[in-house]
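The structure appears right after this line, and notes come after that.
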Amino acid sequence: MEMERRDFLKLAAGALTYSLATEPAFPQTAKVEVHWLGQATTKLTTLTGKVIVIDPFLTGNPKTPPQYKNLDALGKVDVILVTHGHGDHTGDVKELAARTGAAVLGPAGLVSTMLDLGWVSAEKSVRFGKGGRVNPLGPQITITQVRAEHSSEITVVDPVTKKSTTYPGGEPGGFIVEFENGFKLYHMGDTGLFGDLRLIGEYYKPDLAMIPIGGHFVMDPRDAAYATKEMLRPKFAIPIHYGTFPVLRGTPQEYQAALGQTTTQVFPISPGDTLRF
């Protein structure tokens, strides 16, 4: 998707003035890089080289490629987005934030609990809610939080006593990330099927949906196919959140079979694979 150049005509003080839009701050050949690392963990590199990591769960993720079990392999990280509080989405938030100095953004209640637990600092965290738009990487990149149909808790296990304590994790969410060239990625987090997915598709018009298909805790392939074909209608889709644990039985093949004929191009990639759009 190429950025358009526009001419602006102004009539000011009785004189016609002419100005050109400024040149884009990134090469015309630049693309959005999407690096999926298993479950919901995704590393995004924007056209201007900013790095966003969503739901970091790497060191304890059985599907993450071994080389990424070392968090330093991610390189620089500017922003960490967290969709909800479950351990397979927050597992490495504290350590990755400490190592990289990245800002941590997420649903207001979730970030409040992470602050209370000492996982993040007030200076490096942003609480926002559904419908909220933030620009932590400058005005060219907009992150919007949208609804997800799920739950959200943080369970912490004491390393000495092995006793677990569960804390409120706010409400779950998903994120629409709009990049410098207008390309929109919808990371759905964990969600079941719900009617407002149609509104999200019609209003935000995501180009790419990263959609959970595993079932049990999230949509299964049939639900995900319905959401894709009848509600979101993205140009592209990447199935995620399947096969990591035995209960997540849905497969990309079942998802594609349920989709049937569709204009959406599906990328059934493996953890560790990278796509550019």
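For the structure tokens, the naming scheme is as follows: chains receive sequential letters (A, B, ...) according to their order of presentation, residues are indexed from 1 within each chain, and ligands are indexed from 1 in presentation order.
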- Do you know which residues are at most 9 Å from Glu254 (chain A) counting only C-alpha atoms, after dropping those on the same chain fewer than 4 positions away, and could you put them as a ChimeraX atom specification? /A:221-222,250,258-259
Set the distance at 12 Å and use only C-alpha atoms: which residues neighbour Gly174 (chain A) once local chain neighbours fewer than 4 positions away are removed? I'd like the list as a ChimeraX atom specification. /A:40,54-55,81-84,105-107,128-132,143-150,185-192,197,200,209-212
Nearest to Phe267 (chain A): which of A:Gly60, A:Trp36, A:Leu137, A:Thr142 is it, counting only C-alpha atoms?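 Looking at the shortest contact to Phe267 (chain A), the residue is A:Trp36.
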Judged by only C-alpha atoms, the minimum distance to Pro65 (chain A) among A:Pro136, A:Gly91, A:Gly118, A:Gly272 is found for A:Gly272
Give me, as an MDAnalysis selection string, all polymer residues having an atom no more than 6 Å from Gly38 (chain A), counting only C-alpha atoms and skipping those fewer than 4 positions away in the same chain. chainID A and resid 63:64 271
**OP:** Looking only at strand (DSSP E or B) from DSSP on the backbone, list the matching residues of region 45-225 of chain A as a ChimeraX atom specification.
**Re:** /A:45,51-54,79-81,103-107,125-128,133-134,142-147,153-157,164-168,173-178,184-187,208-212
Could you tell me how far CA of Thr90 (chain A) sits from CA of Val160 (chain A), in Å to one decimal place?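 Here the two named atoms are 21.0 Å from each other.
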Checklist entry - Any idea what's packed within 7 Å of region 77-80 of chain A, counting only C-alpha atoms, ignoring anything in its chain fewer than 4 positions away? Could you give it as number ranges by chain? => result A: 50-54, 100, 102-105
Could you take the residues named above and write them with N, CA and C atoms, as a short mmCIF file (atom, residue, chain, number, x, y, z; two decimals), in the first residue's frame?
```cif
data_model
loop_
_atom_site.label_atom_id
_atom_site.label_comp_id
_atom_site.auth_asym_id
_atom_site.auth_seq_id
_atom_site.Cartn_x
_atom_site.Cartn_y
_atom_site.Cartn_z
N LYS A 50 10.15 1.10 14.07
CA LYS A 50 9.68 0.94 15.45
C LYS A 50 9.26 -0.51 15.67
N VAL A 51 9.44 -1.01 16.90
CA VAL A 51 9.16 -2.42 17.20
C VAL A 51 8.10 -2.52 18.29
N ILE A 52 7.04 -3.26 17.98
CA ILE A 52 5.95 -3.52 18.91
C ILE A 52 5.89 -5.02 19.16
N VAL A 53 5.86 -5.43 20.40
CA VAL A 53 5.66 -6.84 20.74
C VAL A 53 4.32 -6.99 21.45
N ILE A 54 3.49 -7.91 20.96
CA ILE A 54 2.17 -8.14 21.53
C ILE A 54 2.17 -9.47 22.28
N THR A 100 14.36 -4.18 28.01
CA THR A 100 14.32 -3.29 26.84
C THR A 100 13.97 -1.85 27.17
N ALA A 102 10.98 -0.88 27.26
CA ALA A 102 9.80 -0.60 26.45
C ALA A 102 8.64 -0.14 27.31
N ALA A 103 7.80 0.71 26.74
CA ALA A 103 6.56 1.09 27.39
C ALA A 103 5.58 -0.07 27.29
N VAL A 104 4.78 -0.27 28.34
CA VAL A 104 3.79 -1.35 28.38
C VAL A 104 2.40 -0.73 28.33
N LEU A 105 1.60 -1.16 27.35
CA LEU A 105 0.26 -0.62 27.16
C LEU A 105 -0.75 -1.74 27.23
#
```
I'd like the neighbourhood of Leu47 (chain A) as number ranges by chain, where a residue qualifies if any of its atoms comes within 7 Å (using only C-alpha atoms), though same-chain residues fewer than 4 positions away should be ignored. A: 26, 30-32, 180
Considering only C-alpha atoms, return as a PDB file with all heavy atoms, in the first residue's frame whatever protein or nucleic-acid residues lie within 9 Å of Thr263 (chain A), sequence-local ones (same chain, fewer than 6 positions apart) excluded.
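Output file selection.pdb follows:
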```
ATOM      1  N   LYS A 229     -15.208 -14.374   7.350  1.00  0.00           N
ATOM      2  CA  LYS A 229     -15.919 -14.260   6.068  1.00  0.00           C
ATOM      3  C   LYS A 229     -17.141 -13.360   6.143  1.00  0.00           C
ATOM      4  O   LYS A 229     -17.429 -12.607   5.201  1.00  0.00           O
ATOM      5  CB  LYS A 229     -16.323 -15.660   5.599  1.00  0.00           C
ATOM      6  CG  LYS A 229     -16.787 -15.735   4.154  1.00  0.00           C
ATOM      7  CD  LYS A 229     -16.941 -17.177   3.735  1.00  0.00           C
ATOM      8  CE  LYS A 229     -17.298 -17.307   2.258  1.00  0.00           C
ATOM      9  NZ  LYS A 229     -17.374 -18.732   1.844  1.00  0.00           N
ATOM     10  N   ARG A 233     -14.050  -9.536   7.167  1.00  0.00           N
ATOM     11  CA  ARG A 233     -13.716  -9.434   5.736  1.00  0.00           C
ATOM     12  C   ARG A 233     -12.366  -8.751   5.484  1.00  0.00           C
ATOM     13  O   ARG A 233     -12.259  -7.827   4.677  1.00  0.00           O
ATOM     14  CB  ARG A 233     -14.816  -8.681   4.986  1.00  0.00           C
ATOM     15  CG  ARG A 233     -16.179  -9.356   5.051  1.00  0.00           C
ATOM     16  CD  ARG A 233     -17.176  -8.655   4.146  1.00  0.00           C
ATOM     17  NE  ARG A 233     -18.450  -9.322   4.134  1.00  0.00           N
ATOM     18  CZ  ARG A 233     -19.480  -8.986   4.926  1.00  0.00           C
ATOM     19  NH1 ARG A 233     -19.341  -7.984   5.782  1.00  0.00           N
ATOM     20  NH2 ARG A 233     -20.632  -9.634   4.860  1.00  0.00           N
ATOM     21  N   PRO A 234     -11.312  -9.211   6.152  1.00  0.00           N
ATOM     22  CA  PRO A 234      -9.995  -8.613   5.906  1.00  0.00           C
ATOM     23  C   PRO A 234      -9.411  -9.115   4.584  1.00  0.00           C
ATOM     24  O   PRO A 234      -9.848 -10.131   4.040  1.00  0.00           O
ATOM     25  CB  PRO A 234      -9.167  -9.115   7.086  1.00  0.00           C
ATOM     26  CG  PRO A 234      -9.759 -10.471   7.371  1.00  0.00           C
ATOM     27  CD  PRO A 234     -11.237 -10.325   7.108  1.00  0.00           C
ATOM     28  N   LYS A 235      -8.415  -8.403   4.092  1.00  0.00           N
ATOM     29  CA  LYS A 235      -7.692  -8.882   2.900  1.00  0.00           C
ATOM     30  C   LYS A 235      -6.872 -10.124   3.237  1.00  0.00           C
ATOM     31  O   LYS A 235      -6.738 -11.033   2.413  1.00  0.00           O
ATOM     32  CB  LYS A 235      -6.764  -7.787   2.367  1.00  0.00           C
ATOM     33  CG  LYS A 235      -7.455  -6.532   1.878  1.00  0.00           C
ATOM     34  CD  LYS A 235      -6.411  -5.558   1.337  1.00  0.00           C
ATOM     35  CE  LYS A 235      -7.047  -4.261   0.855  1.00  0.00           C
ATOM     36  NZ  LYS A 235      -7.487  -3.427   1.994  1.00  0.00           N
ATOM     37  N   PHE A 236      -6.310 -10.144   4.456  1.00  0.00           N
ATOM     38  CA  PHE A 236      -5.407 -11.212   4.857  1.00  0.00           C
ATOM     39  C   PHE A 236      -5.774 -11.700   6.260  1.00  0.00           C
ATOM     40  O   PHE A 236      -6.328 -10.947   7.063  1.00  0.00           O
ATOM     41  CB  PHE A 236      -3.953 -10.723   4.877  1.00  0.00           C
ATOM     42  CG  PHE A 236      -3.531  -9.958   3.666  1.00  0.00           C
ATOM     43  CD1 PHE A 236      -3.351  -8.579   3.719  1.00  0.00           C
ATOM     44  CD2 PHE A 236      -3.321 -10.602   2.454  1.00  0.00           C
ATOM     45  CE1 PHE A 236      -2.968  -7.859   2.603  1.00  0.00           C
ATOM     46  CE2 PHE A 236      -2.934  -9.890   1.321  1.00  0.00           C
ATOM     47  CZ  PHE A 236      -2.760  -8.520   1.403  1.00  0.00           C
TER      48      PHE A 236
END
```
Discussion item. Please extract the residues of region 235-264 of chain A with a backbone DSSP assignment of alpha helix (DSSP H) and present them as an MDAnalysis selection string.
Written reply: chainID A and resid 252:259
Counting only C-alpha atoms, the residue among A:Phe179, A:Trp119, A:Tyr68, A:Phe217 that lies closest to Gly49 (chain A) is A:Phe179
Quick one: residues within 9 Å of Tyr167 (chain A), only C-alpha atoms, excluding same-chain residues fewer than 5 positions away - as a ChimeraX atom specification? /A:113,153-156
